[in-house]
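Asker: Input coords10.txt, format and content: compact mmCIF, N, CA, C and O atoms.
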# COMPACT_ATOMS: atom_id res chain seq x y z
N MET A 1 -94.68 86.77 200.60
CA MET A 1 -93.93 87.94 201.00
C MET A 1 -92.49 87.50 201.29
O MET A 1 -92.25 86.73 202.22
N PRO A 2 -91.53 87.96 200.50
CA PRO A 2 -90.15 87.51 200.68
C PRO A 2 -89.46 88.19 201.87
O PRO A 2 -89.77 89.31 202.23
N ASN A 3 -88.56 87.45 202.44
CA ASN A 3 -87.65 87.97 203.45
C ASN A 3 -86.26 87.78 202.86
O ASN A 3 -85.76 86.66 202.79
N ILE A 4 -85.64 88.87 202.41
CA ILE A 4 -84.39 88.81 201.66
C ILE A 4 -83.22 89.13 202.57
O ILE A 4 -83.27 90.07 203.35
N LEU A 5 -82.16 88.35 202.43
CA LEU A 5 -80.91 88.60 203.12
C LEU A 5 -79.88 89.04 202.10
O LEU A 5 -79.58 88.32 201.16
N VAL A 6 -79.35 90.25 202.27
CA VAL A 6 -78.31 90.77 201.39
C VAL A 6 -76.97 90.56 202.08
O VAL A 6 -76.80 90.96 203.23
N ILE A 7 -76.04 89.97 201.37
CA ILE A 7 -74.70 89.75 201.89
C ILE A 7 -73.84 90.94 201.45
O ILE A 7 -73.68 91.18 200.26
N ALA A 8 -73.33 91.68 202.41
CA ALA A 8 -72.48 92.83 202.10
C ALA A 8 -71.07 92.36 201.79
O ALA A 8 -70.53 91.48 202.47
N GLU A 9 -70.49 92.95 200.77
CA GLU A 9 -69.11 92.64 200.41
C GLU A 9 -68.25 93.87 200.70
O GLU A 9 -68.62 95.00 200.37
N HIS A 10 -67.10 93.62 201.31
CA HIS A 10 -66.20 94.72 201.67
C HIS A 10 -64.77 94.21 201.62
O HIS A 10 -64.52 93.00 201.62
N GLU A 11 -63.85 95.15 201.59
CA GLU A 11 -62.43 94.79 201.59
C GLU A 11 -61.63 95.95 202.18
O GLU A 11 -61.87 97.10 201.83
N ALA A 12 -60.72 95.63 203.05
CA ALA A 12 -59.84 96.62 203.68
C ALA A 12 -60.62 97.78 204.29
O ALA A 12 -60.25 98.93 204.14
N GLY A 13 -61.74 97.46 204.93
CA GLY A 13 -62.52 98.49 205.61
C GLY A 13 -63.41 99.32 204.71
O GLY A 13 -64.04 100.27 205.16
N GLN A 14 -63.48 98.97 203.44
CA GLN A 14 -64.29 99.73 202.48
C GLN A 14 -65.40 98.85 201.90
O GLN A 14 -65.15 97.71 201.50
N LEU A 15 -66.59 99.40 201.85
CA LEU A 15 -67.73 98.70 201.25
C LEU A 15 -67.53 98.64 199.74
O LEU A 15 -67.17 99.63 199.11
N LYS A 16 -67.73 97.47 199.16
CA LYS A 16 -67.65 97.35 197.70
C LYS A 16 -68.96 97.86 197.11
O LYS A 16 -70.04 97.53 197.60
N LEU A 17 -68.86 98.66 196.06
CA LEU A 17 -70.04 99.30 195.49
C LEU A 17 -71.06 98.30 194.96
O LEU A 17 -72.25 98.60 194.92
N ALA A 18 -70.63 97.13 194.58
CA ALA A 18 -71.58 96.11 194.09
C ALA A 18 -72.59 95.75 195.17
O ALA A 18 -73.71 95.34 194.86
N THR A 19 -72.23 95.93 196.43
CA THR A 19 -73.17 95.67 197.52
C THR A 19 -74.39 96.56 197.39
O THR A 19 -75.52 96.13 197.63
N LEU A 20 -74.17 97.80 196.98
CA LEU A 20 -75.30 98.73 196.85
C LEU A 20 -76.26 98.30 195.75
O LEU A 20 -77.46 98.55 195.84
N SER A 21 -75.75 97.62 194.71
CA SER A 21 -76.64 97.06 193.68
C SER A 21 -77.50 95.95 194.26
O SER A 21 -78.70 95.86 193.96
N ALA A 22 -76.91 95.11 195.09
CA ALA A 22 -77.68 94.04 195.73
C ALA A 22 -78.73 94.62 196.68
O ALA A 22 -79.86 94.13 196.75
N VAL A 23 -78.38 95.68 197.38
CA VAL A 23 -79.32 96.36 198.27
C VAL A 23 -80.46 96.98 197.47
O VAL A 23 -81.64 96.85 197.84
N ALA A 24 -80.13 97.61 196.35
CA ALA A 24 -81.17 98.22 195.50
C ALA A 24 -82.13 97.15 194.98
O ALA A 24 -83.35 97.36 194.94
N PHE A 25 -81.59 96.00 194.57
CA PHE A 25 -82.43 94.90 194.12
C PHE A 25 -83.37 94.45 195.24
O PHE A 25 -84.58 94.30 195.03
N ALA A 26 -82.82 94.24 196.43
CA ALA A 26 -83.63 93.78 197.56
C ALA A 26 -84.69 94.81 197.93
O ALA A 26 -85.84 94.45 198.22
N ARG A 27 -84.34 96.07 197.90
CA ARG A 27 -85.31 97.12 198.22
C ARG A 27 -86.45 97.12 197.20
O ARG A 27 -87.62 97.24 197.57
N LYS A 28 -86.12 96.96 195.92
CA LYS A 28 -87.14 96.96 194.86
C LYS A 28 -88.08 95.76 195.03
O LYS A 28 -89.30 95.91 195.00
N VAL A 29 -87.52 94.58 195.19
CA VAL A 29 -88.35 93.38 195.35
C VAL A 29 -89.21 93.50 196.60
O VAL A 29 -90.40 93.18 196.57
N SER A 30 -88.64 93.97 197.67
CA SER A 30 -89.38 94.11 198.93
C SER A 30 -90.54 95.09 198.79
O SER A 30 -91.65 94.82 199.27
N SER A 31 -90.31 96.21 198.12
CA SER A 31 -91.38 97.19 197.99
C SER A 31 -92.49 96.69 197.06
O SER A 31 -93.66 97.00 197.27
N GLU A 32 -92.15 95.91 196.06
CA GLU A 32 -93.14 95.40 195.11
C GLU A 32 -93.94 94.23 195.67
O GLU A 32 -95.00 93.91 195.15
N THR A 33 -93.43 93.58 196.71
CA THR A 33 -94.07 92.38 197.23
C THR A 33 -94.46 92.49 198.70
O THR A 33 -94.84 91.48 199.30
N SER A 34 -94.34 93.67 199.27
CA SER A 34 -94.61 93.89 200.70
C SER A 34 -93.74 93.01 201.59
O SER A 34 -94.15 92.59 202.66
N GLY A 35 -92.52 92.75 201.12
CA GLY A 35 -91.57 91.96 201.90
C GLY A 35 -90.64 92.86 202.68
O GLY A 35 -90.91 94.05 202.87
N GLN A 36 -89.56 92.28 203.11
CA GLN A 36 -88.55 93.05 203.82
C GLN A 36 -87.18 92.50 203.47
O GLN A 36 -87.06 91.40 202.93
N PHE A 37 -86.15 93.29 203.78
CA PHE A 37 -84.80 92.79 203.57
C PHE A 37 -83.91 93.20 204.73
O PHE A 37 -84.15 94.18 205.41
N GLU A 38 -82.91 92.36 204.94
CA GLU A 38 -81.89 92.60 205.96
C GLU A 38 -80.53 92.52 205.29
O GLU A 38 -80.39 91.89 204.23
N ILE A 39 -79.55 93.15 205.87
CA ILE A 39 -78.19 93.14 205.33
C ILE A 39 -77.28 92.47 206.34
O ILE A 39 -77.34 92.77 207.53
N LEU A 40 -76.44 91.56 205.87
CA LEU A 40 -75.48 90.87 206.72
C LEU A 40 -74.07 91.34 206.38
O LEU A 40 -73.66 91.30 205.22
N VAL A 41 -73.33 91.75 207.40
CA VAL A 41 -71.92 92.12 207.26
C VAL A 41 -71.12 91.10 208.07
O VAL A 41 -71.36 90.92 209.27
N MET A 42 -70.19 90.41 207.40
CA MET A 42 -69.35 89.41 208.06
C MET A 42 -67.90 89.82 207.99
O MET A 42 -67.46 90.42 207.01
N GLY A 43 -67.15 89.47 209.01
CA GLY A 43 -65.72 89.76 209.03
C GLY A 43 -65.25 89.99 210.44
O GLY A 43 -65.90 89.61 211.41
N GLN A 44 -64.10 90.63 210.54
CA GLN A 44 -63.56 91.00 211.84
C GLN A 44 -63.41 92.51 211.89
O GLN A 44 -62.89 93.12 210.97
N GLU A 45 -63.91 93.09 212.98
CA GLU A 45 -63.87 94.54 213.18
C GLU A 45 -64.52 95.28 212.01
O GLU A 45 -63.92 96.15 211.39
N VAL A 46 -65.77 94.92 211.74
CA VAL A 46 -66.49 95.49 210.59
C VAL A 46 -67.72 96.29 211.01
O VAL A 46 -68.61 96.54 210.20
N SER A 47 -67.75 96.73 212.26
CA SER A 47 -68.91 97.47 212.73
C SER A 47 -69.09 98.79 211.98
O SER A 47 -70.21 99.25 211.80
N SER A 48 -68.01 99.39 211.51
CA SER A 48 -68.14 100.64 210.75
C SER A 48 -68.84 100.40 209.41
O SER A 48 -69.60 101.25 208.95
N ILE A 49 -68.61 99.27 208.80
CA ILE A 49 -69.31 98.91 207.56
C ILE A 49 -70.79 98.74 207.86
O ILE A 49 -71.65 99.24 207.13
N ALA A 50 -71.11 98.04 208.92
CA ALA A 50 -72.51 97.83 209.30
C ALA A 50 -73.19 99.17 209.58
O ALA A 50 -74.33 99.40 209.14
N GLU A 51 -72.52 100.05 210.26
CA GLU A 51 -73.09 101.36 210.58
C GLU A 51 -73.38 102.15 209.30
O GLU A 51 -74.43 102.79 209.19
N LEU A 52 -72.49 102.08 208.35
CA LEU A 52 -72.69 102.76 207.06
C LEU A 52 -73.95 102.26 206.35
O LEU A 52 -74.68 103.03 205.74
N LEU A 53 -74.24 100.97 206.47
CA LEU A 53 -75.37 100.37 205.76
C LEU A 53 -76.72 100.60 206.44
O LEU A 53 -77.75 100.32 205.86
N ARG A 54 -76.72 101.11 207.65
CA ARG A 54 -77.98 101.31 208.38
C ARG A 54 -78.91 102.31 207.70
O ARG A 54 -80.11 102.29 207.93
N SER A 55 -78.40 103.15 206.85
CA SER A 55 -79.24 104.18 206.22
C SER A 55 -79.83 103.75 204.88
O SER A 55 -80.44 104.56 204.20
N TYR A 56 -79.71 102.48 204.51
CA TYR A 56 -80.17 102.03 203.20
C TYR A 56 -81.54 101.35 203.21
O TYR A 56 -81.93 100.76 202.23
N GLY A 57 -82.27 101.45 204.29
CA GLY A 57 -83.66 101.00 204.31
C GLY A 57 -83.90 99.56 204.72
O GLY A 57 -85.04 99.08 204.64
N ALA A 58 -82.89 98.86 205.16
CA ALA A 58 -83.08 97.48 205.59
C ALA A 58 -83.83 97.45 206.93
O ALA A 58 -83.71 98.38 207.73
N SER A 59 -84.59 96.40 207.15
CA SER A 59 -85.27 96.26 208.43
C SER A 59 -84.26 95.99 209.55
O SER A 59 -84.53 96.28 210.71
N ALA A 60 -83.09 95.44 209.18
CA ALA A 60 -82.02 95.21 210.15
C ALA A 60 -80.69 95.08 209.41
O ALA A 60 -80.65 94.63 208.26
N VAL A 61 -79.64 95.50 210.07
CA VAL A 61 -78.28 95.24 209.59
C VAL A 61 -77.66 94.31 210.61
O VAL A 61 -77.51 94.66 211.78
N LEU A 62 -77.36 93.10 210.17
CA LEU A 62 -76.85 92.06 211.04
C LEU A 62 -75.33 92.02 210.96
O LEU A 62 -74.75 92.21 209.89
N LEU A 63 -74.70 91.76 212.06
CA LEU A 63 -73.25 91.79 212.13
C LEU A 63 -72.72 90.46 212.65
O LEU A 63 -73.10 90.02 213.74
N ALA A 64 -71.90 89.81 211.84
CA ALA A 64 -71.19 88.60 212.27
C ALA A 64 -69.72 89.00 212.34
O ALA A 64 -69.02 89.02 211.33
N ASP A 65 -69.28 89.39 213.52
CA ASP A 65 -67.94 89.93 213.72
C ASP A 65 -67.16 88.96 214.59
O ASP A 65 -67.43 88.81 215.78
N HIS A 66 -66.19 88.29 213.98
CA HIS A 66 -65.42 87.28 214.69
C HIS A 66 -64.07 87.10 214.01
O HIS A 66 -63.98 87.23 212.78
N ALA A 67 -63.05 86.78 214.78
CA ALA A 67 -61.71 86.59 214.23
C ALA A 67 -61.68 85.50 213.15
O ALA A 67 -60.93 85.60 212.18
N GLN A 68 -62.51 84.47 213.29
CA GLN A 68 -62.54 83.39 212.30
C GLN A 68 -63.14 83.84 210.96
O GLN A 68 -63.01 83.15 209.97
N LEU A 69 -63.79 85.01 210.95
CA LEU A 69 -64.39 85.52 209.72
C LEU A 69 -63.54 86.62 209.07
O LEU A 69 -63.98 87.29 208.15
N ARG A 70 -62.32 86.79 209.59
CA ARG A 70 -61.45 87.85 209.07
C ARG A 70 -61.22 87.72 207.57
O ARG A 70 -61.22 88.70 206.85
N HIS A 71 -61.00 86.50 207.11
CA HIS A 71 -60.79 86.24 205.69
C HIS A 71 -62.04 85.55 205.14
O HIS A 71 -62.58 84.66 205.78
N PRO A 72 -62.50 85.95 203.96
CA PRO A 72 -63.73 85.36 203.41
C PRO A 72 -63.53 83.92 202.91
O PRO A 72 -63.34 83.66 201.74
N VAL A 73 -63.55 83.00 203.85
CA VAL A 73 -63.41 81.58 203.55
C VAL A 73 -64.81 81.00 203.42
O VAL A 73 -65.65 81.16 204.30
N SER A 74 -65.05 80.32 202.30
CA SER A 74 -66.41 79.92 201.96
C SER A 74 -67.10 79.06 203.01
O SER A 74 -68.28 79.27 203.30
N ASP A 75 -66.41 78.09 203.60
CA ASP A 75 -67.11 77.22 204.56
C ASP A 75 -67.54 77.97 205.81
O ASP A 75 -68.63 77.75 206.34
N LYS A 76 -66.73 78.89 206.28
CA LYS A 76 -67.10 79.66 207.47
C LYS A 76 -68.23 80.65 207.15
O LYS A 76 -69.18 80.78 207.91
N TYR A 77 -68.12 81.35 206.05
CA TYR A 77 -69.17 82.29 205.65
C TYR A 77 -70.47 81.55 205.37
O TYR A 77 -71.55 82.01 205.75
N ALA A 78 -70.38 80.42 204.68
CA ALA A 78 -71.58 79.65 204.33
C ALA A 78 -72.33 79.19 205.58
O ALA A 78 -73.56 79.21 205.61
N GLN A 79 -71.59 78.82 206.62
CA GLN A 79 -72.25 78.37 207.85
C GLN A 79 -73.01 79.51 208.51
O GLN A 79 -74.13 79.34 208.98
N VAL A 80 -72.42 80.71 208.54
CA VAL A 80 -73.10 81.87 209.12
C VAL A 80 -74.37 82.17 208.33
O VAL A 80 -75.44 82.39 208.91
N ILE A 81 -74.25 82.17 207.02
CA ILE A 81 -75.41 82.46 206.16
C ILE A 81 -76.50 81.41 206.35
O ILE A 81 -77.67 81.74 206.53
N ALA A 82 -76.12 80.14 206.34
CA ALA A 82 -77.10 79.06 206.49
C ALA A 82 -77.82 79.16 207.83
O ALA A 82 -79.05 78.99 207.90
N ASP A 83 -77.09 79.46 208.88
CA ASP A 83 -77.72 79.60 210.20
C ASP A 83 -78.72 80.75 210.21
O ASP A 83 -79.83 80.61 210.74
N LEU A 84 -78.35 81.88 209.61
CA LEU A 84 -79.27 83.03 209.58
C LEU A 84 -80.50 82.76 208.72
O LEU A 84 -81.60 83.19 209.06
N VAL A 85 -80.31 82.08 207.61
CA VAL A 85 -81.44 81.74 206.75
C VAL A 85 -82.47 80.95 207.54
O VAL A 85 -83.67 81.23 207.49
N THR A 86 -82.00 79.99 208.32
CA THR A 86 -82.90 79.17 209.12
C THR A 86 -83.53 79.97 210.26
O THR A 86 -84.74 79.96 210.44
N GLN A 87 -82.71 80.69 211.01
CA GLN A 87 -83.19 81.42 212.18
C GLN A 87 -84.16 82.54 211.82
O GLN A 87 -85.10 82.80 212.56
N ARG A 88 -83.93 83.22 210.71
CA ARG A 88 -84.71 84.42 210.40
C ARG A 88 -85.76 84.21 209.31
O ARG A 88 -86.41 85.14 208.89
N GLY A 89 -85.92 82.98 208.84
CA GLY A 89 -86.94 82.69 207.85
C GLY A 89 -86.67 83.36 206.50
O GLY A 89 -87.59 83.80 205.83
N VAL A 90 -85.43 83.41 206.13
CA VAL A 90 -85.04 84.04 204.86
C VAL A 90 -85.54 83.19 203.69
O VAL A 90 -85.40 81.97 203.68
N THR A 91 -86.13 83.86 202.70
CA THR A 91 -86.63 83.16 201.52
C THR A 91 -85.79 83.44 200.27
O THR A 91 -85.96 82.77 199.25
N MET A 92 -84.89 84.43 200.35
CA MET A 92 -84.06 84.77 199.20
C MET A 92 -82.76 85.39 199.73
O MET A 92 -82.78 86.19 200.66
N VAL A 93 -81.64 85.01 199.12
CA VAL A 93 -80.34 85.60 199.46
C VAL A 93 -79.85 86.34 198.23
O VAL A 93 -79.85 85.81 197.14
N ALA A 94 -79.42 87.59 198.45
CA ALA A 94 -78.87 88.41 197.36
C ALA A 94 -77.45 88.80 197.74
O ALA A 94 -77.20 89.18 198.89
N ALA A 95 -76.55 88.71 196.78
CA ALA A 95 -75.16 89.06 197.04
C ALA A 95 -74.57 89.75 195.82
O ALA A 95 -75.01 89.50 194.69
N PRO A 96 -73.59 90.59 196.03
CA PRO A 96 -72.94 91.24 194.90
C PRO A 96 -72.13 90.24 194.11
O PRO A 96 -71.69 89.22 194.63
N ALA A 97 -71.94 90.54 192.85
CA ALA A 97 -71.14 89.68 192.00
C ALA A 97 -70.17 90.51 191.20
O ALA A 97 -70.41 91.65 190.90
What would the structure in this file look like if it were written as structure tokens?
Answerer:
Amino acid sequence: MPNILVIAEHEAGQLKLATLSAVAFARKVSSETSGQFEILVMGQEVSSIAELLRSYGASAVLLADHAQLRHPVSDKYAQVIADLVTQRGVTMVAAPA
């Protein structure tokens, strides 16, 4: 049973539509395998993005809101993702491309 983490992509306060494709993928896999998925929103002052995603069927919408995450710098984002993968038992990560 997979536990999928979807990484939300956004810019200038707007959710990028490719995120919804990643969410749709996670929802499909979860329903076919009796798994679950969560969505991660990273950045600074991004609670409105997280709130928007609460209606898409995830078991949780996780928020990493910090000044150091204001710009999508790979080492900072990767550390947040790696920590969540370990803490929450994530078996698959899905992200928009």
Asker: Can you list, as an MDAnalysis selection string, every residue of chain A that DSSP puts in alpha helix (DSSP H)?
Answerer: chainID A and resid 18:33 47:53 74:88
Asker: Residues at most 8 Å from A:Val41, counting only C-alpha atoms, excluding those fewer than 3 positions away in the same chain, as a ChimeraX atom specification?
Answerer: /A:7-9,46,49-50,61-65
Asker: Taking all atoms listed in the file into account, name the residue in A:Ala95, A:Val90, A:Met42, A:Ala82 that is nearest to A:Leu69.
Answerer: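 Result for the nearest residue to A:Leu69: A:Met42.
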Asker: Figure out the distance between atom CA of A:Val93 and atom CA of A:Ile4, please, to one decimal in Å.
Answerer: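 Pair atom CA of A:Ile4 / atom CA of A:Val93 returns 5.6 Å.
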Asker: Rounded to one decimal place, report the atom C of A:Gly13-atom N of A:Leu84 distance in Å.
Answerer: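 If I compute the distance from atom C of A:Gly13 to atom N of A:Leu84, I get 23.5 Å.
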Asker: What lies within 7 Å of A:Ser59 using all atoms listed in the file, ignoring chain neighbours under 4 positions off, as a tab-separated table (two decimals) with N, CA, C and O atoms, keeping the file's coordinate frame?
Answerer:
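Resulting contents of around34.tsv:
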chain	number	residue	atom	x	y	z
A	36	GLN	N	-89.56	92.28	203.11
A	36	GLN	CA	-88.55	93.05	203.82
A	36	GLN	C	-87.18	92.50	203.47
A	36	GLN	O	-87.06	91.40	202.93
A	37	PHE	N	-86.15	93.29	203.78
A	37	PHE	CA	-84.80	92.79	203.57
A	37	PHE	C	-83.91	93.20	204.73
A	37	PHE	O	-84.15	94.18	205.41
A	38	GLU	N	-82.91	92.36	204.94
A	38	GLU	CA	-81.89	92.60	205.96
A	38	GLU	C	-80.53	92.52	205.29
A	38	GLU	O	-80.39	91.89	204.23
A	39	ILE	N	-79.55	93.15	205.87
A	39	ILE	CA	-78.19	93.14	205.33
A	39	ILE	C	-77.28	92.47	206.34
A	39	ILE	O	-77.34	92.77	207.53
Asker: Just how far from atom CA of A:Pro2 is atom CA of A:Asp75, in Å to one decimal?
Answerer: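 Here the two named atoms are 25.5 Å from each other.
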Asker: So which one's closest to A:Thr33, A:Leu52, A:Ser47, A:Met1, A:Thr19? Using all atoms listed in the file, please.
Answerer: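 Smallest separation from A:Thr33 among the options: A:Met1.
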